[in-house]
Each structure stands twice: as C-alpha cells, then as structure tokens.
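Participant: I am sharing protein_14.cif, which consists of mmCIF, N, CA and C atoms:
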data_model
#
loop_
_atom_site.label_atom_id
_atom_site.label_comp_id
_atom_site.auth_asym_id
_atom_site.auth_seq_id
_atom_site.Cartn_x
_atom_site.Cartn_y
_atom_site.Cartn_z
N MET A 168 61.36 142.89 98.42
CA MET A 168 62.37 142.36 97.52
C MET A 168 61.67 141.63 96.39
N SER A 169 62.24 141.71 95.24
CA SER A 169 61.74 141.03 94.06
C SER A 169 61.77 139.51 94.29
N ALA A 170 60.80 138.81 93.74
CA ALA A 170 60.78 137.35 93.83
C ALA A 170 61.85 136.75 92.92
N ASP A 171 62.41 137.52 92.01
CA ASP A 171 63.41 137.06 91.06
C ASP A 171 64.81 137.36 91.60
N ALA A 172 65.19 136.70 92.68
CA ALA A 172 66.45 137.00 93.35
C ALA A 172 67.67 136.49 92.59
N GLY A 173 67.57 135.32 91.98
CA GLY A 173 68.68 134.77 91.22
C GLY A 173 69.81 134.27 92.08
N PHE A 174 70.87 133.89 91.42
CA PHE A 174 72.08 133.36 92.06
C PHE A 174 73.26 134.01 91.36
N TYR A 175 74.29 134.38 92.10
CA TYR A 175 75.36 135.19 91.56
C TYR A 175 76.74 134.62 91.84
N SER A 176 77.62 134.81 90.89
CA SER A 176 79.04 134.60 91.09
C SER A 176 79.68 135.97 90.95
N ILE A 177 80.41 136.38 91.98
CA ILE A 177 81.02 137.72 91.97
C ILE A 177 82.54 137.54 91.92
N ILE A 178 83.10 137.92 90.80
CA ILE A 178 84.53 137.76 90.53
C ILE A 178 85.20 139.11 90.76
N ASP A 179 86.23 139.14 91.59
CA ASP A 179 86.83 140.37 92.06
C ASP A 179 88.33 140.37 91.75
N TYR A 180 88.78 141.38 91.02
CA TYR A 180 90.20 141.51 90.68
C TYR A 180 90.74 142.87 91.10
N THR A 181 91.97 142.89 91.57
CA THR A 181 92.72 144.11 91.79
C THR A 181 93.59 144.32 90.55
N VAL A 182 93.61 145.54 90.04
CA VAL A 182 94.41 145.84 88.85
C VAL A 182 95.26 147.08 89.09
N ASP A 183 96.17 147.33 88.16
CA ASP A 183 97.13 148.42 88.35
C ASP A 183 96.82 149.68 87.53
N GLY A 184 95.58 149.86 87.13
CA GLY A 184 95.25 151.10 86.46
C GLY A 184 94.07 150.99 85.53
N PHE A 185 93.67 152.15 85.00
CA PHE A 185 92.49 152.24 84.15
C PHE A 185 92.61 151.41 82.88
N ASP A 186 93.78 151.42 82.25
CA ASP A 186 93.96 150.64 81.02
C ASP A 186 93.79 149.15 81.30
N THR A 187 94.37 148.69 82.40
CA THR A 187 94.25 147.27 82.75
C THR A 187 92.81 146.91 83.06
N GLN A 188 92.07 147.81 83.69
CA GLN A 188 90.64 147.57 83.93
C GLN A 188 89.93 147.26 82.62
N LEU A 189 90.12 148.13 81.64
CA LEU A 189 89.44 147.96 80.36
C LEU A 189 89.88 146.69 79.63
N GLU A 190 91.17 146.39 79.68
CA GLU A 190 91.67 145.17 79.05
C GLU A 190 91.08 143.93 79.73
N LEU A 191 90.98 143.96 81.04
CA LEU A 191 90.43 142.82 81.77
C LEU A 191 88.95 142.63 81.42
N VAL A 192 88.21 143.72 81.33
CA VAL A 192 86.80 143.61 80.94
C VAL A 192 86.68 142.99 79.56
N GLU A 193 87.46 143.45 78.60
CA GLU A 193 87.40 142.89 77.26
C GLU A 193 87.74 141.40 77.27
N ALA A 194 88.78 141.03 78.01
CA ALA A 194 89.19 139.63 78.06
C ALA A 194 88.12 138.76 78.71
N PHE A 195 87.54 139.23 79.82
CA PHE A 195 86.53 138.43 80.50
C PHE A 195 85.20 138.42 79.75
N ALA A 196 84.88 139.47 79.03
CA ALA A 196 83.68 139.46 78.19
C ALA A 196 83.82 138.39 77.12
N GLU A 197 84.99 138.29 76.54
CA GLU A 197 85.27 137.26 75.54
C GLU A 197 85.10 135.86 76.14
N ILE A 198 85.58 135.67 77.36
CA ILE A 198 85.45 134.38 78.04
C ILE A 198 83.98 134.06 78.28
N GLN A 199 83.21 135.06 78.72
CA GLN A 199 81.77 134.84 78.93
C GLN A 199 81.09 134.42 77.63
N GLU A 200 81.46 135.09 76.53
CA GLU A 200 80.84 134.78 75.24
C GLU A 200 81.23 133.41 74.72
N ARG A 201 82.46 133.00 74.91
CA ARG A 201 82.94 131.74 74.36
C ARG A 201 82.70 130.54 75.27
N TRP A 202 82.65 130.73 76.59
CA TRP A 202 82.65 129.61 77.51
C TRP A 202 81.42 129.51 78.42
N VAL A 203 80.62 130.59 78.54
CA VAL A 203 79.60 130.59 79.59
C VAL A 203 78.19 130.92 79.11
N ARG A 204 78.01 131.93 78.32
CA ARG A 204 76.69 132.53 78.06
C ARG A 204 75.63 131.60 77.47
N PHE A 205 76.02 130.50 76.88
CA PHE A 205 75.07 129.59 76.22
C PHE A 205 74.53 128.52 77.16
N TYR A 206 74.98 128.50 78.43
CA TYR A 206 74.48 127.50 79.37
C TYR A 206 73.09 127.88 79.86
N PRO A 207 72.20 126.89 80.02
CA PRO A 207 70.86 127.18 80.52
C PRO A 207 70.92 127.87 81.89
N GLY A 208 70.11 128.90 82.04
CA GLY A 208 70.05 129.62 83.31
C GLY A 208 71.00 130.79 83.42
N TYR A 209 71.93 130.92 82.48
CA TYR A 209 72.81 132.09 82.48
C TYR A 209 71.95 133.31 82.14
N SER A 210 72.06 134.36 82.96
CA SER A 210 71.26 135.56 82.72
C SER A 210 72.07 136.73 82.20
N SER A 211 73.22 137.00 82.84
CA SER A 211 74.01 138.15 82.40
C SER A 211 75.35 138.17 83.12
N SER A 212 76.22 139.01 82.59
CA SER A 212 77.50 139.28 83.23
C SER A 212 77.69 140.78 83.20
N ARG A 213 77.78 141.39 84.37
CA ARG A 213 77.98 142.85 84.47
C ARG A 213 79.35 143.14 85.04
N PHE A 214 80.01 144.09 84.41
CA PHE A 214 81.35 144.48 84.84
C PHE A 214 81.28 145.84 85.51
N HIS A 215 81.89 145.92 86.68
CA HIS A 215 81.92 147.17 87.45
C HIS A 215 83.38 147.56 87.65
N LEU A 216 83.71 148.80 87.31
CA LEU A 216 85.06 149.31 87.46
C LEU A 216 85.11 150.33 88.58
N SER A 217 86.08 150.21 89.46
CA SER A 217 86.23 151.22 90.51
C SER A 217 86.69 152.53 89.86
N THR A 218 86.25 153.62 90.40
CA THR A 218 86.58 154.92 89.82
C THR A 218 88.04 155.32 90.04
N ASP A 219 88.75 154.60 90.90
CA ASP A 219 90.17 154.91 91.11
C ASP A 219 91.10 154.04 90.28
N GLY A 220 90.53 153.16 89.43
CA GLY A 220 91.35 152.34 88.53
C GLY A 220 91.97 151.12 89.16
N THR A 221 91.52 150.70 90.35
CA THR A 221 92.19 149.61 91.05
C THR A 221 91.41 148.31 91.14
N ARG A 222 90.13 148.30 90.79
CA ARG A 222 89.33 147.08 90.97
C ARG A 222 88.41 146.84 89.78
N VAL A 223 88.14 145.57 89.53
CA VAL A 223 87.15 145.14 88.55
C VAL A 223 86.30 144.06 89.21
N TYR A 224 85.00 144.25 89.18
CA TYR A 224 84.06 143.24 89.65
C TYR A 224 83.28 142.73 88.45
N ASN A 225 83.18 141.43 88.33
CA ASN A 225 82.36 140.81 87.30
C ASN A 225 81.26 140.06 88.04
N ILE A 226 80.03 140.54 87.90
CA ILE A 226 78.91 139.91 88.59
C ILE A 226 78.13 139.10 87.55
N VAL A 227 78.20 137.79 87.71
CA VAL A 227 77.55 136.87 86.78
C VAL A 227 76.26 136.38 87.43
N ARG A 228 75.15 136.63 86.75
CA ARG A 228 73.84 136.28 87.29
C ARG A 228 73.31 135.01 86.62
N TRP A 229 72.86 134.10 87.47
CA TRP A 229 72.23 132.85 87.04
C TRP A 229 70.79 132.86 87.52
N THR A 230 69.91 132.19 86.80
CA THR A 230 68.51 132.11 87.20
C THR A 230 68.36 131.42 88.55
N SER A 231 69.18 130.39 88.79
CA SER A 231 69.10 129.65 90.04
C SER A 231 70.45 129.03 90.37
N GLU A 232 70.57 128.60 91.61
CA GLU A 232 71.78 127.90 92.01
C GLU A 232 71.92 126.59 91.25
N ALA A 233 70.80 125.94 90.98
CA ALA A 233 70.83 124.68 90.22
C ALA A 233 71.41 124.89 88.83
N ASP A 234 71.04 126.01 88.18
CA ASP A 234 71.61 126.30 86.86
C ASP A 234 73.11 126.53 86.95
N TYR A 235 73.54 127.25 87.97
CA TYR A 235 74.97 127.48 88.17
C TYR A 235 75.68 126.14 88.40
N ARG A 236 75.13 125.30 89.26
CA ARG A 236 75.74 123.99 89.55
C ARG A 236 75.82 123.13 88.28
N ASN A 237 74.79 123.18 87.45
CA ASN A 237 74.82 122.46 86.18
C ASN A 237 75.98 122.96 85.32
N PHE A 238 76.17 124.26 85.28
CA PHE A 238 77.29 124.84 84.53
C PHE A 238 78.61 124.32 85.08
N VAL A 239 78.78 124.36 86.40
CA VAL A 239 80.03 123.92 87.03
C VAL A 239 80.30 122.45 86.72
N GLU A 240 79.26 121.63 86.81
CA GLU A 240 79.42 120.19 86.62
C GLU A 240 79.62 119.79 85.16
N ASN A 241 79.08 120.57 84.22
CA ASN A 241 79.09 120.15 82.81
C ASN A 241 79.94 120.99 81.87
N SER A 242 80.47 122.09 82.35
CA SER A 242 81.27 122.94 81.46
C SER A 242 82.72 122.46 81.42
N ASP A 243 83.45 122.97 80.47
CA ASP A 243 84.87 122.64 80.31
C ASP A 243 85.68 123.58 81.22
N THR A 244 85.72 123.22 82.50
CA THR A 244 86.40 124.06 83.48
C THR A 244 87.89 124.21 83.15
N ASP A 245 88.55 123.13 82.75
CA ASP A 245 89.98 123.21 82.43
C ASP A 245 90.21 124.16 81.26
N GLY A 246 89.39 124.07 80.23
CA GLY A 246 89.53 124.95 79.08
C GLY A 246 89.26 126.40 79.44
N ARG A 247 88.23 126.63 80.25
CA ARG A 247 87.89 127.99 80.67
C ARG A 247 89.00 128.58 81.54
N MET A 248 89.53 127.79 82.46
CA MET A 248 90.61 128.28 83.32
C MET A 248 91.87 128.57 82.51
N ALA A 249 92.15 127.76 81.51
CA ALA A 249 93.29 128.02 80.63
C ALA A 249 93.07 129.32 79.86
N ALA A 250 91.83 129.58 79.42
CA ALA A 250 91.52 130.83 78.73
C ALA A 250 91.70 132.03 79.66
N ILE A 251 91.31 131.87 80.92
CA ILE A 251 91.49 132.95 81.90
C ILE A 251 92.96 133.21 82.13
N GLU A 252 93.75 132.16 82.32
CA GLU A 252 95.19 132.33 82.52
C GLU A 252 95.84 133.02 81.31
N LYS A 253 95.44 132.62 80.11
CA LYS A 253 95.97 133.24 78.90
C LYS A 253 95.57 134.70 78.82
N ALA A 254 94.33 135.00 79.17
CA ALA A 254 93.85 136.39 79.15
C ALA A 254 94.65 137.25 80.14
N LEU A 255 94.86 136.72 81.33
CA LEU A 255 95.61 137.48 82.35
C LEU A 255 97.06 137.70 81.90
N ALA A 256 97.66 136.69 81.27
CA ALA A 256 99.04 136.81 80.80
C ALA A 256 99.15 137.82 79.66
N GLY A 257 98.06 138.03 78.91
CA GLY A 257 98.08 138.95 77.78
C GLY A 257 97.81 140.40 78.14
N LEU A 258 97.52 140.69 79.40
CA LEU A 258 97.27 142.08 79.79
C LEU A 258 98.56 142.88 79.79
N SER A 259 98.47 144.15 79.48
CA SER A 259 99.67 145.00 79.52
C SER A 259 100.04 145.35 80.96
N GLY A 260 99.09 145.25 81.87
CA GLY A 260 99.34 145.53 83.28
C GLY A 260 99.13 144.28 84.12
N LYS A 261 98.98 144.51 85.41
CA LYS A 261 98.86 143.43 86.37
C LYS A 261 97.43 143.33 86.90
N ALA A 262 96.93 142.08 87.02
CA ALA A 262 95.61 141.82 87.59
C ALA A 262 95.72 140.61 88.49
N GLU A 263 95.18 140.72 89.70
CA GLU A 263 95.23 139.62 90.65
C GLU A 263 93.83 139.35 91.20
N ALA A 264 93.47 138.07 91.23
CA ALA A 264 92.17 137.68 91.80
C ALA A 264 92.17 137.94 93.29
N ARG A 265 91.02 138.40 93.80
CA ARG A 265 90.87 138.65 95.23
C ARG A 265 89.89 137.69 95.89
N MET A 266 89.34 136.74 95.14
CA MET A 266 88.37 135.82 95.71
C MET A 266 89.09 134.73 96.49
N THR A 267 88.46 134.30 97.56
CA THR A 267 88.91 133.11 98.28
C THR A 267 87.71 132.19 98.36
N GLY A 268 87.92 130.95 98.08
CA GLY A 268 86.79 130.02 98.08
C GLY A 268 85.93 130.22 96.85
N VAL A 269 84.74 129.66 96.89
CA VAL A 269 83.81 129.75 95.78
C VAL A 269 83.09 131.10 95.87
N PRO A 270 83.20 131.95 94.84
CA PRO A 270 82.62 133.29 94.92
C PRO A 270 81.15 133.33 94.50
N THR A 271 80.30 132.59 95.22
CA THR A 271 78.88 132.54 94.85
C THR A 271 78.03 133.09 95.99
N TYR A 272 76.90 133.70 95.59
CA TYR A 272 76.06 134.41 96.55
C TYR A 272 74.59 134.30 96.17
N THR A 273 73.72 134.39 97.18
CA THR A 273 72.30 134.54 96.96
C THR A 273 71.87 135.88 97.56
N VAL A 274 70.84 136.45 97.00
CA VAL A 274 70.31 137.71 97.52
C VAL A 274 69.39 137.38 98.70
N VAL A 275 69.61 138.04 99.84
CA VAL A 275 68.75 137.80 101.00
C VAL A 275 67.92 139.02 101.38
N ARG A 276 68.33 140.19 100.90
CA ARG A 276 67.55 141.39 101.19
C ARG A 276 67.88 142.47 100.18
N GLU A 277 66.86 143.20 99.80
CA GLU A 277 67.02 144.31 98.87
C GLU A 277 66.11 145.44 99.32
N ILE A 278 66.64 146.64 99.34
CA ILE A 278 65.85 147.82 99.68
C ILE A 278 65.66 148.62 98.40
N GLY A 279 64.42 148.81 98.02
CA GLY A 279 64.11 149.55 96.81
C GLY A 279 63.68 150.97 97.14
N PRO A 280 63.35 151.76 96.13
CA PRO A 280 62.93 153.13 96.36
C PRO A 280 61.58 153.16 97.09
N GLY A 281 61.36 154.24 97.82
CA GLY A 281 60.11 154.41 98.56
C GLY A 281 60.16 155.65 99.41
N LEU A 282 59.21 155.78 100.25
CA LEU A 282 59.13 156.93 101.14
C LEU A 282 60.17 156.81 102.26
N GLN A 283 60.62 157.93 102.74
CA GLN A 283 61.57 157.96 103.84
C GLN A 283 60.91 157.42 105.11
N ARG A 284 61.59 156.59 105.81
CA ARG A 284 61.09 156.05 107.07
C ARG A 284 61.39 157.07 108.16
N LEU A 285 60.39 157.50 108.89
CA LEU A 285 60.54 158.56 109.89
C LEU A 285 60.40 158.06 111.33
N ASP A 286 59.92 156.83 111.53
CA ASP A 286 59.78 156.34 112.90
C ASP A 286 61.15 156.01 113.47
N SER A 287 61.22 155.91 114.79
CA SER A 287 62.54 155.65 115.41
C SER A 287 62.76 154.21 115.74
#
Have the structure of the file written as structure tokens, please.

Facilitator:
Amino acid sequence: MSADAGFYSIIDYTVDGFDTQLELVEAFAEIQERWVRFYPGYSSSRFHLSTDGTRVYNIVRWTSEADYRNFVENSDTDGRMAAIEKALAGLSGKAEARMTGVPTYTVVREIGPGLQRLDS
C-alpha cells in the first residue's frame, strides 16, 4: 500500500435518475469550490455516479485527519450546510443523503496490480 493513504469523507446520496445525478454533482462541485477547497490539507473531491442513475458518491480526500479536523473546527459549517440545503432544494429531482454518523474513513489496505497469486 502507498504510504500516502490520506483521510477521506465519503458522501453518499440516493437520487431519482441520471439528470438528478448530474445536477447534484454540479451543485456539490460548486460547494467544494466555494466552501472547502481552499482549506489546508484538502486534496480533491471525486464524484462517482452509479451506472443505473440511482447513486452519487462524493469522495473528498484530505492529506490527514488533522487537516480534516481543522476544516471541521474552523470552517463555516452553518453556511455550508445552508448551501447544501439550498442546492438540494434546487434540484429538479429528488436526492436523499444515505450517510449515518460522521462519514469519514482511513485507508487500511490497498491491493495494487501485480502477478496472480497461485499458492493456496
């Protein structure tokens, strides 16, 4: 596994179709640009769309958990949450969060490319 494991927030939404997926990505990309991306330790935000049009995952990568905690403690959470609520209300379709609790994760194992393992 890479020594650069990072720290992640994985945001998971159920949506009602392909159009809503794209609208949600645009809305959340705007939120990342206006409210998150300038904080120290922020690395990236990747959006994953399910091929059946029902899910959107936003995987936000931080350099470390400490950087993420700094963001949580020092950012305008109320303003960001209001922007999220406004974005969700502005969608033409329906989107519902599927996270429970704090959606943060650390990488504990990664399998990269290599030779096939043949032993039993």

Participant: Given the file shown, enumerate the residues that the PyMOL selection byres (((chain A and resi 191-202 and name CA) around 10) and name CA) captures and present them as a PyMOL selection string.

Facilitator: chain A and resi 180+182+185-190+203-206+211-216+223-225+227+242-244+246-248+250-251+253-255+257-262

Participant: One decimal, Å: what's the distance from CA of Ile177 in chain A over to atom C of Gly279 in chain A, could you say?

Facilitator: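 These atoms are spaced 22.4 Å apart.
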
Participant: So what do you get for atom C of Glu252 in chain A versus atom N of Ala264 in chain A, distance-wise?

Facilitator: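 Distance reported for this atom pair: 11.4 Å.
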
Participant: Take the PyMOL selection byres (((chain A and resi 268 and name CA) around 12) and name CA), run it mentally on this structure, and tell me the resulting residues as an MDAnalysis selection string.

Facilitator: chainID A and resid 176:179 264:267 269:272

Participant: Going by DSSP on the backbone, which bits of chain A are helix (DSSP H, G or I)? Write them as a PyMOL selection string, please.

Facilitator: chain A and resi 185-203+232-241+244-256

Participant: Selected by the PyMOL selection byres ((chain A and resi 207) around 8) in the shown coordinates: which residues, as a VMD selection string?

Facilitator: chain A and resid 203 to 206 208 to 210 229 to 231 233 to 235 237 to 238

Participant: Taking into account all atoms listed in the file, which residue in the set A:Val239, A:Ile226, A:Ala256, A:Leu285 is nearest to Tyr175 in chain A?

Facilitator: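 Checking each candidate against Tyr175 in chain A, we get A:Ile226 as the closest.
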
Participant: Based on the backbone DSSP call, show me all residues of chain A assigned strand (DSSP E or B), as an MDAnalysis selection string.

Facilitator: chainID A and resid 174:182 209:216 222:229 262:264 271:273

Participant: Once you have the residues from the selection above, write them out as a short mmCIF file (atom, residue, chain, number, x, y, z; two decimals), keeping the file's coordinate frame, restricted to N, CA and C atoms.

Facilitator:
data_model
loop_
_atom_site.label_atom_id
_atom_site.label_comp_id
_atom_site.auth_asym_id
_atom_site.auth_seq_id
_atom_site.Cartn_x
_atom_site.Cartn_y
_atom_site.Cartn_z
N PHE A 174 70.87 133.89 91.42
CA PHE A 174 72.08 133.36 92.06
C PHE A 174 73.26 134.01 91.36
N TYR A 175 74.29 134.38 92.10
CA TYR A 175 75.36 135.19 91.56
C TYR A 175 76.74 134.62 91.84
N SER A 176 77.62 134.81 90.89
CA SER A 176 79.04 134.60 91.09
C SER A 176 79.68 135.97 90.95
N ILE A 177 80.41 136.38 91.98
CA ILE A 177 81.02 137.72 91.97
C ILE A 177 82.54 137.54 91.92
N ILE A 178 83.10 137.92 90.80
CA ILE A 178 84.53 137.76 90.53
C ILE A 178 85.20 139.11 90.76
N ASP A 179 86.23 139.14 91.59
CA ASP A 179 86.83 140.37 92.06
C ASP A 179 88.33 140.37 91.75
N TYR A 180 88.78 141.38 91.02
CA TYR A 180 90.20 141.51 90.68
C TYR A 180 90.74 142.87 91.10
N THR A 181 91.97 142.89 91.57
CA THR A 181 92.72 144.11 91.79
C THR A 181 93.59 144.32 90.55
N VAL A 182 93.61 145.54 90.04
CA VAL A 182 94.41 145.84 88.85
C VAL A 182 95.26 147.08 89.09
N TYR A 209 71.93 130.92 82.48
CA TYR A 209 72.81 132.09 82.48
C TYR A 209 71.95 133.31 82.14
N SER A 210 72.06 134.36 82.96
CA SER A 210 71.26 135.56 82.72
C SER A 210 72.07 136.73 82.20
N SER A 211 73.22 137.00 82.84
CA SER A 211 74.01 138.15 82.40
C SER A 211 75.35 138.17 83.12
N SER A 212 76.22 139.01 82.59
CA SER A 212 77.50 139.28 83.23
C SER A 212 77.69 140.78 83.20
N ARG A 213 77.78 141.39 84.37
CA ARG A 213 77.98 142.85 84.47
C ARG A 213 79.35 143.14 85.04
N PHE A 214 80.01 144.09 84.41
CA PHE A 214 81.35 144.48 84.84
C PHE A 214 81.28 145.84 85.51
N HIS A 215 81.89 145.92 86.68
CA HIS A 215 81.92 147.17 87.45
C HIS A 215 83.38 147.56 87.65
N LEU A 216 83.71 148.80 87.31
CA LEU A 216 85.06 149.31 87.46
C LEU A 216 85.11 150.33 88.58
N ARG A 222 90.13 148.30 90.79
CA ARG A 222 89.33 147.08 90.97
C ARG A 222 88.41 146.84 89.78
N VAL A 223 88.14 145.57 89.53
CA VAL A 223 87.15 145.14 88.55
C VAL A 223 86.30 144.06 89.21
N TYR A 224 85.00 144.25 89.18
CA TYR A 224 84.06 143.24 89.65
C TYR A 224 83.28 142.73 88.45
N ASN A 225 83.18 141.43 88.33
CA ASN A 225 82.36 140.81 87.30
C ASN A 225 81.26 140.06 88.04
N ILE A 226 80.03 140.54 87.90
CA ILE A 226 78.91 139.91 88.59
C ILE A 226 78.13 139.10 87.55
N VAL A 227 78.20 137.79 87.71
CA VAL A 227 77.55 136.87 86.78
C VAL A 227 76.26 136.38 87.43
N ARG A 228 75.15 136.63 86.75
CA ARG A 228 73.84 136.28 87.29
C ARG A 228 73.31 135.01 86.62
N TRP A 229 72.86 134.10 87.47
CA TRP A 229 72.23 132.85 87.04
C TRP A 229 70.79 132.86 87.52
N ALA A 262 96.93 142.08 87.02
CA ALA A 262 95.61 141.82 87.59
C ALA A 262 95.72 140.61 88.49
N GLU A 263 95.18 140.72 89.70
CA GLU A 263 95.23 139.62 90.65
C GLU A 263 93.83 139.35 91.20
N ALA A 264 93.47 138.07 91.23
CA ALA A 264 92.17 137.68 91.80
C ALA A 264 92.17 137.94 93.29
N THR A 271 80.30 132.59 95.22
CA THR A 271 78.88 132.54 94.85
C THR A 271 78.03 133.09 95.99
N TYR A 272 76.90 133.70 95.59
CA TYR A 272 76.06 134.41 96.55
C TYR A 272 74.59 134.30 96.17
N THR A 273 73.72 134.39 97.18
CA THR A 273 72.30 134.54 96.96
C THR A 273 71.87 135.88 97.56
#

Participant: Just give me the gap between CA of Arg228 in chain A and atom C of Leu282 in chain A in Å, one decimal is fine.

Facilitator: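 Separating CA of Arg228 in chain A from atom C of Leu282 in chain A is a distance of 28.9 Å.
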
Participant: Find the axis-aligned box for range 238-253 of chain A, covering all its listed atoms and adding 4 Å on each side, and write its centre and edge lengths in Å to one decimal as AutoDock Vina command-line options.

Facilitator:
--center_x 86.1 --center_y 127.2 --center_z 82.9 --size_x 27.8 --size_y 22.9 --size_z 16.3

Participant: Quick one: of A:Glu240, A:Ala249, A:Ser217, A:Ala172, who's nearest to Arg276 in chain A, counting only C-alpha atoms?

Facilitator: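 Smallest distance to Arg276 in chain A is found for A:Ala172.
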